[in-house]
$ cat final-v3.pdb   # PDB, C-alpha atoms
ATOM      1  CA  MET A   1     -15.388  12.794 190.786  1.00  0.00           C
ATOM      2  CA  ASP A   2     -17.394  15.313 188.757  1.00  0.00           C
ATOM      3  CA  SER A   3     -21.093  14.887 189.568  1.00  0.00           C
ATOM      4  CA  SER A   4     -22.074  16.017 186.054  1.00  0.00           C
ATOM      5  CA  SER A   5     -19.940  13.242 184.574  1.00  0.00           C
ATOM      6  CA  SER A   6     -21.580  10.690 186.876  1.00  0.00           C
ATOM      7  CA  SER A   7     -25.019  11.983 185.926  1.00  0.00           C
ATOM      8  CA  LEU A   8     -24.177  11.723 182.220  1.00  0.00           C
ATOM      9  CA  TYR A   9     -22.808   8.224 182.814  1.00  0.00           C
ATOM     10  CA  ARG A  10     -26.107   7.158 184.385  1.00  0.00           C
ATOM     11  CA  THR A  11     -28.029   8.722 181.487  1.00  0.00           C
ATOM     12  CA  VAL A  12     -25.987   6.879 178.855  1.00  0.00           C
ATOM     13  CA  THR A  13     -26.058   3.518 180.614  1.00  0.00           C
ATOM     14  CA  ASP A  14     -29.803   3.810 181.231  1.00  0.00           C
ATOM     15  CA  PHE A  15     -30.230   4.559 177.535  1.00  0.00           C
ATOM     16  CA  ALA A  16     -28.048   1.547 176.673  1.00  0.00           C
ATOM     17  CA  HIS A  17     -30.371  -0.768 178.609  1.00  0.00           C
ATOM     18  CA  ARG A  18     -33.376   0.591 176.710  1.00  0.00           C
ATOM     19  CA  THR A  19     -31.891  -0.154 173.289  1.00  0.00           C
ATOM     20  CA  PRO A  20     -32.696  -3.404 171.417  1.00  0.00           C
ATOM     21  CA  SER A  21     -30.515  -6.392 172.183  1.00  0.00           C
ATOM     22  CA  TRP A  22     -28.922  -6.302 168.731  1.00  0.00           C
ATOM     23  CA  VAL A  23     -27.756  -2.729 169.348  1.00  0.00           C
ATOM     24  CA  GLN A  24     -26.265  -3.749 172.676  1.00  0.00           C
ATOM     25  CA  SER A  25     -24.531  -6.712 171.019  1.00  0.00           C
ATOM     26  CA  ALA A  26     -23.164  -4.493 168.259  1.00  0.00           C
ATOM     27  CA  PHE A  27     -21.664  -2.086 170.799  1.00  0.00           C
ATOM     28  CA  GLU A  28     -20.220  -4.951 172.816  1.00  0.00           C
ATOM     29  CA  ILE A  29     -18.497  -6.305 169.702  1.00  0.00           C
ATOM     30  CA  TRP A  30     -17.277  -2.880 168.611  1.00  0.00           C
ATOM     31  CA  THR A  31     -15.922  -1.901 172.033  1.00  0.00           C
ATOM     32  CA  GLY A  32     -14.159  -5.269 172.354  1.00  0.00           C
ATOM     33  CA  TYR A  33     -12.691  -5.617 168.866  1.00  0.00           C
ATOM     34  CA  GLY A  34     -12.982  -2.246 167.142  1.00  0.00           C
ATOM     35  CA  LEU A  35      -9.356  -1.336 167.816  1.00  0.00           C
ATOM     36  CA  LEU A  36      -8.378  -4.161 165.477  1.00  0.00           C
ATOM     37  CA  LEU A  37      -9.847  -2.125 162.615  1.00  0.00           C
ATOM     38  CA  PHE A  38      -7.480   0.727 163.438  1.00  0.00           C
ATOM     39  CA  GLY A  39      -4.629  -1.786 163.378  1.00  0.00           C
ATOM     40  CA  VAL A  40      -5.696  -2.985 159.946  1.00  0.00           C
ATOM     41  CA  LEU A  41      -5.872   0.608 158.699  1.00  0.00           C
ATOM     42  CA  LEU A  42      -2.397   1.365 160.042  1.00  0.00           C
ATOM     43  CA  ALA A  43      -0.978  -1.685 158.279  1.00  0.00           C
ATOM     44  CA  ALA A  44      -2.845  -0.957 155.042  1.00  0.00           C
ATOM     45  CA  VAL A  45      -1.657   2.655 154.915  1.00  0.00           C
ATOM     46  CA  TRP A  46       1.957   1.577 155.448  1.00  0.00           C
ATOM     47  CA  TRP A  47       1.709  -1.125 152.770  1.00  0.00           C
ATOM     48  CA  ARG A  48       0.151   1.254 150.262  1.00  0.00           C
ATOM     49  CA  SER A  49       2.677   4.008 150.977  1.00  0.00           C
ATOM     50  CA  ARG A  50       5.721   1.783 150.537  1.00  0.00           C
ATOM     51  CA  ARG A  51       4.534   0.819 147.055  1.00  0.00           C
ATOM     52  CA  ARG A  52       3.299   4.172 145.778  1.00  0.00           C
ATOM     53  CA  SER A  53       4.731   7.049 147.781  1.00  0.00           C
ATOM     54  CA  GLY A  54       7.870   9.048 148.372  1.00  0.00           C
ATOM     55  CA  PRO A  55      10.026   8.869 151.519  1.00  0.00           C
ATOM     56  CA  GLU A  56       8.048  11.537 153.397  1.00  0.00           C
ATOM     57  CA  ALA A  57       4.739   9.707 153.029  1.00  0.00           C
ATOM     58  CA  VAL A  58       6.313   6.385 154.007  1.00  0.00           C
ATOM     59  CA  ALA A  59       7.814   8.036 157.072  1.00  0.00           C
ATOM     60  CA  LEU A  60       4.394   9.282 158.145  1.00  0.00           C
ATOM     61  CA  ALA A  61       2.922   5.809 157.654  1.00  0.00           C
ATOM     62  CA  VAL A  62       5.686   4.227 159.725  1.00  0.00           C
ATOM     63  CA  LEU A  63       5.374   6.845 162.459  1.00  0.00           C
ATOM     64  CA  ALA A  64       1.600   6.371 162.770  1.00  0.00           C
ATOM     65  CA  PRO A  65       1.755   3.120 164.805  1.00  0.00           C
ATOM     66  CA  VAL A  66       4.799   4.429 166.706  1.00  0.00           C
ATOM     67  CA  ALA A  67       2.867   7.541 167.724  1.00  0.00           C
ATOM     68  CA  THR A  68      -0.107   5.402 168.736  1.00  0.00           C
ATOM     69  CA  ALA A  69       2.150   3.265 170.938  1.00  0.00           C
ATOM     70  CA  VAL A  70       3.683   6.359 172.572  1.00  0.00           C
ATOM     71  CA  ALA A  71       0.179   7.677 173.291  1.00  0.00           C
ATOM     72  CA  TYR A  72      -0.690   4.372 174.955  1.00  0.00           C
ATOM     73  CA  GLY A  73       2.401   4.678 177.169  1.00  0.00           C
ATOM     74  CA  ALA A  74       1.357   8.183 178.175  1.00  0.00           C
ATOM     75  CA  SER A  75      -2.133   6.903 178.958  1.00  0.00           C
ATOM     76  CA  GLU A  76      -0.797   4.161 181.197  1.00  0.00           C
ATOM     77  CA  PHE A  77       1.326   6.696 183.076  1.00  0.00           C
ATOM     78  CA  VAL A  78      -1.641   8.992 183.692  1.00  0.00           C
ATOM     79  CA  LYS A  79      -3.877   6.047 184.583  1.00  0.00           C
ATOM     80  CA  SER A  80      -1.506   4.737 187.244  1.00  0.00           C
ATOM     81  CA  THR A  81      -0.945   8.248 188.615  1.00  0.00           C
ATOM     82  CA  VAL A  82      -4.607   9.257 188.917  1.00  0.00           C
ATOM     83  CA  ALA A  83      -5.891   5.795 189.978  1.00  0.00           C
ATOM     84  CA  GLU A  84      -9.584   6.558 189.432  1.00  0.00           C
ATOM     85  CA  GLU A  85     -12.107   3.801 190.155  1.00  0.00           C
ATOM     86  CA  ARG A  86     -14.287   2.438 187.377  1.00  0.00           C
ATOM     87  CA  PRO A  87     -17.803   3.903 187.234  1.00  0.00           C
ATOM     88  CA  CYS A  88     -19.337   0.428 187.225  1.00  0.00           C
ATOM     89  CA  ARG A  89     -18.230   0.254 190.876  1.00  0.00           C
ATOM     90  CA  ALA A  90     -18.110   3.917 191.854  1.00  0.00           C
ATOM     91  CA  VAL A  91     -21.310   5.483 190.510  1.00  0.00           C
ATOM     92  CA  ALA A  92     -24.258   4.828 192.801  1.00  0.00           C
ATOM     93  CA  GLY A  93     -27.600   4.060 191.207  1.00  0.00           C
ATOM     94  CA  ALA A  94     -26.176   3.364 187.768  1.00  0.00           C
ATOM     95  CA  ALA A  95     -27.427   0.553 185.554  1.00  0.00           C
ATOM     96  CA  ALA A  96     -25.322  -2.597 185.426  1.00  0.00           C
ATOM     97  CA  PRO A  97     -22.623  -2.547 182.743  1.00  0.00           C
ATOM     98  CA  LEU A  98     -23.256  -4.532 179.564  1.00  0.00           C
ATOM     99  CA  VAL A  99     -19.809  -6.130 179.811  1.00  0.00           C
ATOM    100  CA  PRO A 100     -17.934  -7.365 182.890  1.00  0.00           C
ATOM    101  CA  CYS A 101     -16.608  -4.551 185.045  1.00  0.00           C
ATOM    102  CA  PRO A 102     -12.778  -4.563 185.007  1.00  0.00           C
ATOM    103  CA  GLY A 103     -11.234  -5.735 188.247  1.00  0.00           C
ATOM    104  CA  PRO A 104      -9.929  -3.534 191.064  1.00  0.00           C
ATOM    105  CA  GLY A 105      -6.683  -1.833 190.109  1.00  0.00           C
ATOM    106  CA  ASP A 106      -7.654  -1.610 186.446  1.00  0.00           C
ATOM    107  CA  TRP A 107      -8.142   2.146 186.665  1.00  0.00           C
ATOM    108  CA  SER A 108     -10.621   4.202 184.704  1.00  0.00           C
ATOM    109  CA  PHE A 109      -8.968   7.530 183.812  1.00  0.00           C
ATOM    110  CA  PRO A 110      -8.179   7.910 180.986  1.00  0.00           C
ATOM    111  CA  SER A 111      -9.738   5.324 178.689  1.00  0.00           C
ATOM    112  CA  ASN A 112      -6.981   3.424 176.894  1.00  0.00           C
ATOM    113  CA  HIS A 113      -9.432   2.540 174.139  1.00  0.00           C
ATOM    114  CA  ALA A 114     -10.194   6.216 173.555  1.00  0.00           C
ATOM    115  CA  VAL A 115      -6.506   7.113 173.675  1.00  0.00           C
ATOM    116  CA  LEU A 116      -5.581   4.471 171.106  1.00  0.00           C
ATOM    117  CA  ALA A 117      -8.507   5.340 168.849  1.00  0.00           C
ATOM    118  CA  GLY A 118      -7.789   9.066 169.063  1.00  0.00           C
ATOM    119  CA  ALA A 119      -4.076   8.587 168.439  1.00  0.00           C
ATOM    120  CA  ALA A 120      -4.604   6.251 165.485  1.00  0.00           C
ATOM    121  CA  ALA A 121      -7.241   8.538 163.990  1.00  0.00           C
ATOM    122  CA  VAL A 122      -4.958  11.587 164.112  1.00  0.00           C
ATOM    123  CA  ALA A 123      -1.859   9.710 162.945  1.00  0.00           C
ATOM    124  CA  LEU A 124      -3.730   8.153 160.028  1.00  0.00           C
ATOM    125  CA  THR A 125      -5.204  11.524 159.084  1.00  0.00           C
ATOM    126  CA  LEU A 126      -1.754  13.120 159.043  1.00  0.00           C
ATOM    127  CA  THR A 127      -0.672  10.339 156.693  1.00  0.00           C
ATOM    128  CA  VAL A 128      -3.722  10.283 154.392  1.00  0.00           C
ATOM    129  CA  ARG A 129      -5.887  13.365 154.934  1.00  0.00           C
ATOM    130  CA  ARG A 130      -9.078  11.947 153.451  1.00  0.00           C
ATOM    131  CA  LEU A 131      -9.050   9.118 155.985  1.00  0.00           C
ATOM    132  CA  ALA A 132     -10.316  11.639 158.545  1.00  0.00           C
ATOM    133  CA  LEU A 133     -13.804  11.046 157.149  1.00  0.00           C
ATOM    134  CA  LEU A 134     -13.517   7.455 158.383  1.00  0.00           C
ATOM    135  CA  THR A 135     -11.147   7.484 161.335  1.00  0.00           C
ATOM    136  CA  VAL A 136     -12.557  10.441 163.269  1.00  0.00           C
ATOM    137  CA  PRO A 137     -16.129   9.051 163.414  1.00  0.00           C
ATOM    138  CA  LEU A 138     -14.739   5.620 164.322  1.00  0.00           C
ATOM    139  CA  ALA A 139     -12.682   7.114 167.159  1.00  0.00           C
ATOM    140  CA  LEU A 140     -15.710   8.984 168.492  1.00  0.00           C
ATOM    141  CA  LEU A 141     -17.777   5.808 168.259  1.00  0.00           C
ATOM    142  CA  MET A 142     -15.116   3.859 170.148  1.00  0.00           C
ATOM    143  CA  ALA A 143     -15.047   6.485 172.894  1.00  0.00           C
ATOM    144  CA  PHE A 144     -18.839   6.533 173.199  1.00  0.00           C
ATOM    145  CA  SER A 145     -18.990   2.741 173.283  1.00  0.00           C
ATOM    146  CA  ARG A 146     -16.844   2.655 176.431  1.00  0.00           C
ATOM    147  CA  VAL A 147     -19.464   4.706 178.273  1.00  0.00           C
ATOM    148  CA  PHE A 148     -22.359   2.890 176.585  1.00  0.00           C
ATOM    149  CA  VAL A 149     -21.219  -0.528 177.850  1.00  0.00           C
ATOM    150  CA  GLY A 150     -20.627   0.953 181.299  1.00  0.00           C
ATOM    151  CA  VAL A 151     -16.886   0.714 181.901  1.00  0.00           C
ATOM    152  CA  HIS A 152     -15.809   4.372 181.648  1.00  0.00           C
ATOM    153  CA  HIS A 153     -16.902   7.807 182.785  1.00  0.00           C
ATOM    154  CA  PRO A 154     -17.587  10.351 180.024  1.00  0.00           C
ATOM    155  CA  HIS A 155     -14.587  12.425 181.143  1.00  0.00           C
ATOM    156  CA  ASP A 156     -12.376   9.328 180.809  1.00  0.00           C
ATOM    157  CA  VAL A 157     -13.092   9.027 177.105  1.00  0.00           C
ATOM    158  CA  ALA A 158     -13.096  12.775 176.403  1.00  0.00           C
ATOM    159  CA  PHE A 159      -9.647  13.188 177.931  1.00  0.00           C
ATOM    160  CA  GLY A 160      -8.518   9.955 176.276  1.00  0.00           C
ATOM    161  CA  LEU A 161      -9.354  11.245 172.804  1.00  0.00           C
ATOM    162  CA  LEU A 162      -7.605  14.537 173.545  1.00  0.00           C
ATOM    163  CA  LEU A 163      -4.523  12.873 175.004  1.00  0.00           C
ATOM    164  CA  GLY A 164      -4.205  10.306 172.234  1.00  0.00           C
ATOM    165  CA  GLY A 165      -4.704  12.808 169.441  1.00  0.00           C
ATOM    166  CA  SER A 166      -2.331  15.373 170.940  1.00  0.00           C
ATOM    167  CA  VAL A 167       0.486  12.929 171.641  1.00  0.00           C
ATOM    168  CA  ALA A 168       0.167  11.344 168.200  1.00  0.00           C
ATOM    169  CA  ALA A 169       0.270  14.710 166.464  1.00  0.00           C
ATOM    170  CA  LEU A 170       3.341  15.823 168.432  1.00  0.00           C
ATOM    171  CA  VAL A 171       5.228  12.584 167.754  1.00  0.00           C
ATOM    172  CA  VAL A 172       4.443  12.494 164.042  1.00  0.00           C
ATOM    173  CA  LEU A 173       5.187  16.171 163.404  1.00  0.00           C
ATOM    174  CA  ALA A 174       8.387  16.118 165.492  1.00  0.00           C
ATOM    175  CA  LEU A 175       9.831  13.013 163.857  1.00  0.00           C
ATOM    176  CA  ALA A 176       8.553  13.324 160.279  1.00  0.00           C
ATOM    177  CA  GLY A 177      11.704  15.034 158.988  1.00  0.00           C
ATOM    178  CA  PRO A 178      14.282  12.655 160.467  1.00  0.00           C
ATOM    179  CA  ALA A 179      12.140   9.630 159.617  1.00  0.00           C
ATOM    180  CA  GLY A 180      11.825  10.778 156.001  1.00  0.00           C
ATOM    181  CA  ALA A 181      15.599  11.068 155.737  1.00  0.00           C
ATOM    182  CA  LEU A 182      15.998   7.554 157.150  1.00  0.00           C
ATOM    183  CA  VAL A 183      13.490   6.148 154.662  1.00  0.00           C
ATOM    184  CA  ALA A 184      15.302   7.831 151.763  1.00  0.00           C
ATOM    185  CA  ALA A 185      18.631   6.451 152.978  1.00  0.00           C
ATOM    186  CA  ALA A 186      17.189   2.955 153.400  1.00  0.00           C
ATOM    187  CA  ARG A 187      15.779   3.007 149.873  1.00  0.00           C
ATOM    188  CA  ALA A 188      19.080   4.243 148.455  1.00  0.00           C
ATOM    189  CA  GLY A 189      21.456   1.845 150.126  1.00  0.00           C
ATOM    190  CA  GLY A 190      20.059   0.092 153.143  1.00  0.00           C
ATOM    191  CA  THR A 191      19.936  -3.611 153.897  1.00  0.00           C
ATOM    192  CA  PRO A 192      17.532  -5.788 151.882  1.00  0.00           C
ATOM    193  CA  ALA A 193      15.188  -5.889 154.892  1.00  0.00           C
ATOM    194  CA  ALA A 194      15.226  -2.101 155.192  1.00  0.00           C
ATOM    195  CA  ARG A 195      14.596  -1.673 151.471  1.00  0.00           C
ATOM    196  CA  TRP A 196      11.680  -4.117 151.671  1.00  0.00           C
ATOM    197  CA  PHE A 197      10.243  -2.326 154.704  1.00  0.00           C
ATOM    198  CA  THR A 198      10.435   1.126 153.128  1.00  0.00           C
ATOM    199  CA  GLY A 199       9.399  -0.162 149.695  1.00  0.00           C
ATOM    200  CA  PRO A 200      10.559   0.681 146.182  1.00  0.00           C
ATOM    201  CA  GLY A 201       8.424   3.793 145.907  1.00  0.00           C
ATOM    202  CA  PRO A 202       6.848   5.080 142.688  1.00  0.00           C
ATOM    203  CA  ALA A 203      10.136   5.751 140.866  1.00  0.00           C
ATOM    204  CA  ARG A 204      11.418   2.173 141.136  1.00  0.00           C
ATOM    205  CA  ARG A 205       8.126   0.352 140.771  1.00  0.00           C
ATOM    206  CA  GLY A 206       8.192  -2.371 138.185  1.00  0.00           C
ATOM    207  CA  ARG A 207      11.980  -2.661 137.944  1.00  0.00           C
TER     208      ARG A 207
END

$ encode --input "final-v3.pdb" --output "structure tokens"
Amino acid sequence: MDSSSSSLYRTVTDFAHRTPSWVQSAFEIWTGYGLLLFGVLLAAVWWRSRRRSGPEAVALAVLAPVATAVAYGASEFVKSTVAEERPCRAVAGAAAPLVPCPGPGDWSFPSNHAVLAGAAAVALTLTVRRLALLTVPLALLMAFSRVFVGVHHPHDVAFGLLLGGSVAALVVLALAGPAGALVAAARAGGTPAARWFTGPGPARRGR
């Protein structure tokens, strides 16, 4: 384990214990439930795109959660391969975590929360560019919260953001063309369920 990462972990967790209780509670809520906000954003972007956008934009919106799921699978593979212990058990002299330390076998590297947040942030940005102003800060906040509450090393979340963002970008960019063609075909003559899923688009709205 990198000693600089352990030192930074102790610095952050010590700082966390010096913050007011309402700040600690806010981070505990965010780290536990913040990923739900990314889920809401993914659903909202898809819903908006199917009503107002062409096939290419709908394809990007559909690929966003797919890319996020692929990134999670990659994270689980790396996690089980590296098998790094959680800092709340491994770092000597560190402050107690603000949330329960995950049990043995629930490995630390990389942070799944950071991977999912990073992947969703990049996928959403590729779909709606201006969302970067919201999703990137939220992803960084999610990553920081995992160290703040004491359940991840700093390098866990840094690599998690990088892994999630990279995998999401590769999946979306690689599949955007074929997915756009499928959306166009579904709108033109697919099943009723497929046409509902891909939406009428701007040209057919109001018919």

$ resolve_selection --input "final-v3.pdb" --expression "the PyMOL selection byres ((chain A and resi 181-193) around 12)" --output "PyMOL selection string"
chain A and resi 49-51+53-63+175-180+194-204

$ resolve_selection --input "final-v3.pdb" --expression "the PyMOL selection byres ((chain A and resi 113-125) around 6)" --output "NGL selection string"
:A and (64 or 68 or 111-112 or 126-129 or 131-132 or 135-136 or 139 or 143 or 157 or 160-161 or 164-165 or 168)

$ resolve_selection --input "final-v3.pdb" --expression "the PyMOL selection byres ((chain A and resi 25-29) around 8)" --output "PyMOL selection string"
chain A and resi 21-24+30-34+98-99+145+148-149

$ axis_aligned_box --input "final-v3.pdb" --around "range 70-82 of chain A" --padding-each-side "4 Å" --output "JSON"
{"center_x": -0.5, "center_y": 6.7, "center_z": 180.7, "size_x": 16.3, "size_y": 13.1, "size_z": 24.3}

$ closest_residue --input "final-v3.pdb" --among "A:Val91, A:Cys101, A:Leu42, A:Val151" --to "Ser4 in chain A" --atoms "only C-alpha atoms"
A:Val91

$ atom_distance --input "final-v3.pdb" --atom1 "CA of Leu35 in chain A" --atom2 "CA of Ser7 in chain A"
27.4 Å

$ decode --input "final-v3.pdb" --residues "range 131-191 of chain A" --atoms "C-alpha atoms" --output "PDB file, in the first residue's frame"
ATOM      1  CA  LEU A 131     -24.529  18.450 -17.964  1.00  0.00           C
ATOM      2  CA  ALA A 132     -20.780  18.312 -17.304  1.00  0.00           C
ATOM      3  CA  LEU A 133     -21.224  21.397 -15.124  1.00  0.00           C
ATOM      4  CA  LEU A 134     -23.378  19.265 -12.818  1.00  0.00           C
ATOM      5  CA  THR A 135     -22.207  15.686 -13.204  1.00  0.00           C
ATOM      6  CA  VAL A 136     -18.447  16.203 -12.958  1.00  0.00           C
ATOM      7  CA  PRO A 137     -18.599  18.048  -9.599  1.00  0.00           C
ATOM      8  CA  LEU A 138     -21.078  15.457  -8.308  1.00  0.00           C
ATOM      9  CA  ALA A 139     -18.758  12.612  -9.322  1.00  0.00           C
ATOM     10  CA  LEU A 140     -15.809  14.280  -7.602  1.00  0.00           C
ATOM     11  CA  LEU A 141     -17.931  14.839  -4.503  1.00  0.00           C
ATOM     12  CA  MET A 142     -18.987  11.188  -4.487  1.00  0.00           C
ATOM     13  CA  ALA A 143     -15.365  10.069  -4.750  1.00  0.00           C
ATOM     14  CA  PHE A 144     -14.251  12.391  -1.949  1.00  0.00           C
ATOM     15  CA  SER A 145     -17.124  11.274   0.267  1.00  0.00           C
ATOM     16  CA  ARG A 146     -15.878   7.673   0.190  1.00  0.00           C
ATOM     17  CA  VAL A 147     -12.589   8.779   1.749  1.00  0.00           C
ATOM     18  CA  PHE A 148     -14.296  11.297   4.045  1.00  0.00           C
ATOM     19  CA  VAL A 149     -16.499   8.632   5.665  1.00  0.00           C
ATOM     20  CA  GLY A 150     -13.487   6.335   5.969  1.00  0.00           C
ATOM     21  CA  VAL A 151     -14.212   3.371   3.711  1.00  0.00           C
ATOM     22  CA  HIS A 152     -11.762   3.948   0.837  1.00  0.00           C
ATOM     23  CA  HIS A 153      -8.165   4.945   0.242  1.00  0.00           C
ATOM     24  CA  PRO A 154      -7.618   8.064  -1.889  1.00  0.00           C
ATOM     25  CA  HIS A 155      -6.064   5.944  -4.654  1.00  0.00           C
ATOM     26  CA  ASP A 156      -9.197   3.759  -4.681  1.00  0.00           C
ATOM     27  CA  VAL A 157     -11.408   6.673  -5.655  1.00  0.00           C
ATOM     28  CA  ALA A 158      -8.890   8.301  -8.011  1.00  0.00           C
ATOM     29  CA  PHE A 159      -8.501   5.096 -10.006  1.00  0.00           C
ATOM     30  CA  GLY A 160     -12.250   4.490  -9.778  1.00  0.00           C
ATOM     31  CA  LEU A 161     -13.056   7.811 -11.432  1.00  0.00           C
ATOM     32  CA  LEU A 162     -10.474   7.151 -14.142  1.00  0.00           C
ATOM     33  CA  LEU A 163     -11.659   3.601 -14.773  1.00  0.00           C
ATOM     34  CA  GLY A 164     -15.340   4.499 -14.828  1.00  0.00           C
ATOM     35  CA  GLY A 165     -14.888   7.503 -17.082  1.00  0.00           C
ATOM     36  CA  SER A 166     -12.583   5.689 -19.501  1.00  0.00           C
ATOM     37  CA  VAL A 167     -14.752   2.595 -19.855  1.00  0.00           C
ATOM     38  CA  ALA A 168     -17.904   4.673 -20.292  1.00  0.00           C
ATOM     39  CA  ALA A 169     -16.309   6.820 -22.975  1.00  0.00           C
ATOM     40  CA  LEU A 170     -15.030   3.779 -24.888  1.00  0.00           C
ATOM     41  CA  VAL A 171     -18.397   2.001 -24.761  1.00  0.00           C
ATOM     42  CA  VAL A 172     -20.431   5.030 -25.804  1.00  0.00           C
ATOM     43  CA  LEU A 173     -18.110   6.097 -28.624  1.00  0.00           C
ATOM     44  CA  ALA A 174     -17.701   2.532 -29.939  1.00  0.00           C
ATOM     45  CA  LEU A 175     -21.412   1.742 -29.995  1.00  0.00           C
ATOM     46  CA  ALA A 176     -22.939   5.129 -30.848  1.00  0.00           C
ATOM     47  CA  GLY A 177     -23.100   4.445 -34.593  1.00  0.00           C
ATOM     48  CA  PRO A 178     -24.711   0.997 -34.466  1.00  0.00           C
ATOM     49  CA  ALA A 179     -27.054   2.074 -31.672  1.00  0.00           C
ATOM     50  CA  GLY A 180     -28.179   5.104 -33.683  1.00  0.00           C
ATOM     51  CA  ALA A 181     -29.001   2.870 -36.637  1.00  0.00           C
ATOM     52  CA  LEU A 182     -31.017   0.567 -34.373  1.00  0.00           C
ATOM     53  CA  VAL A 183     -32.960   3.499 -32.931  1.00  0.00           C
ATOM     54  CA  ALA A 184     -33.757   4.794 -36.425  1.00  0.00           C
ATOM     55  CA  ALA A 185     -34.919   1.333 -37.495  1.00  0.00           C
ATOM     56  CA  ALA A 186     -37.059   0.932 -34.374  1.00  0.00           C
ATOM     57  CA  ARG A 187     -38.727   4.292 -34.969  1.00  0.00           C
ATOM     58  CA  ALA A 188     -39.367   3.451 -38.618  1.00  0.00           C
ATOM     59  CA  GLY A 189     -40.833   0.001 -38.253  1.00  0.00           C
ATOM     60  CA  GLY A 190     -40.121  -1.670 -34.962  1.00  0.00           C
ATOM     61  CA  THR A 191     -42.543  -3.236 -32.517  1.00  0.00           C
TER      62      THR A 191
END
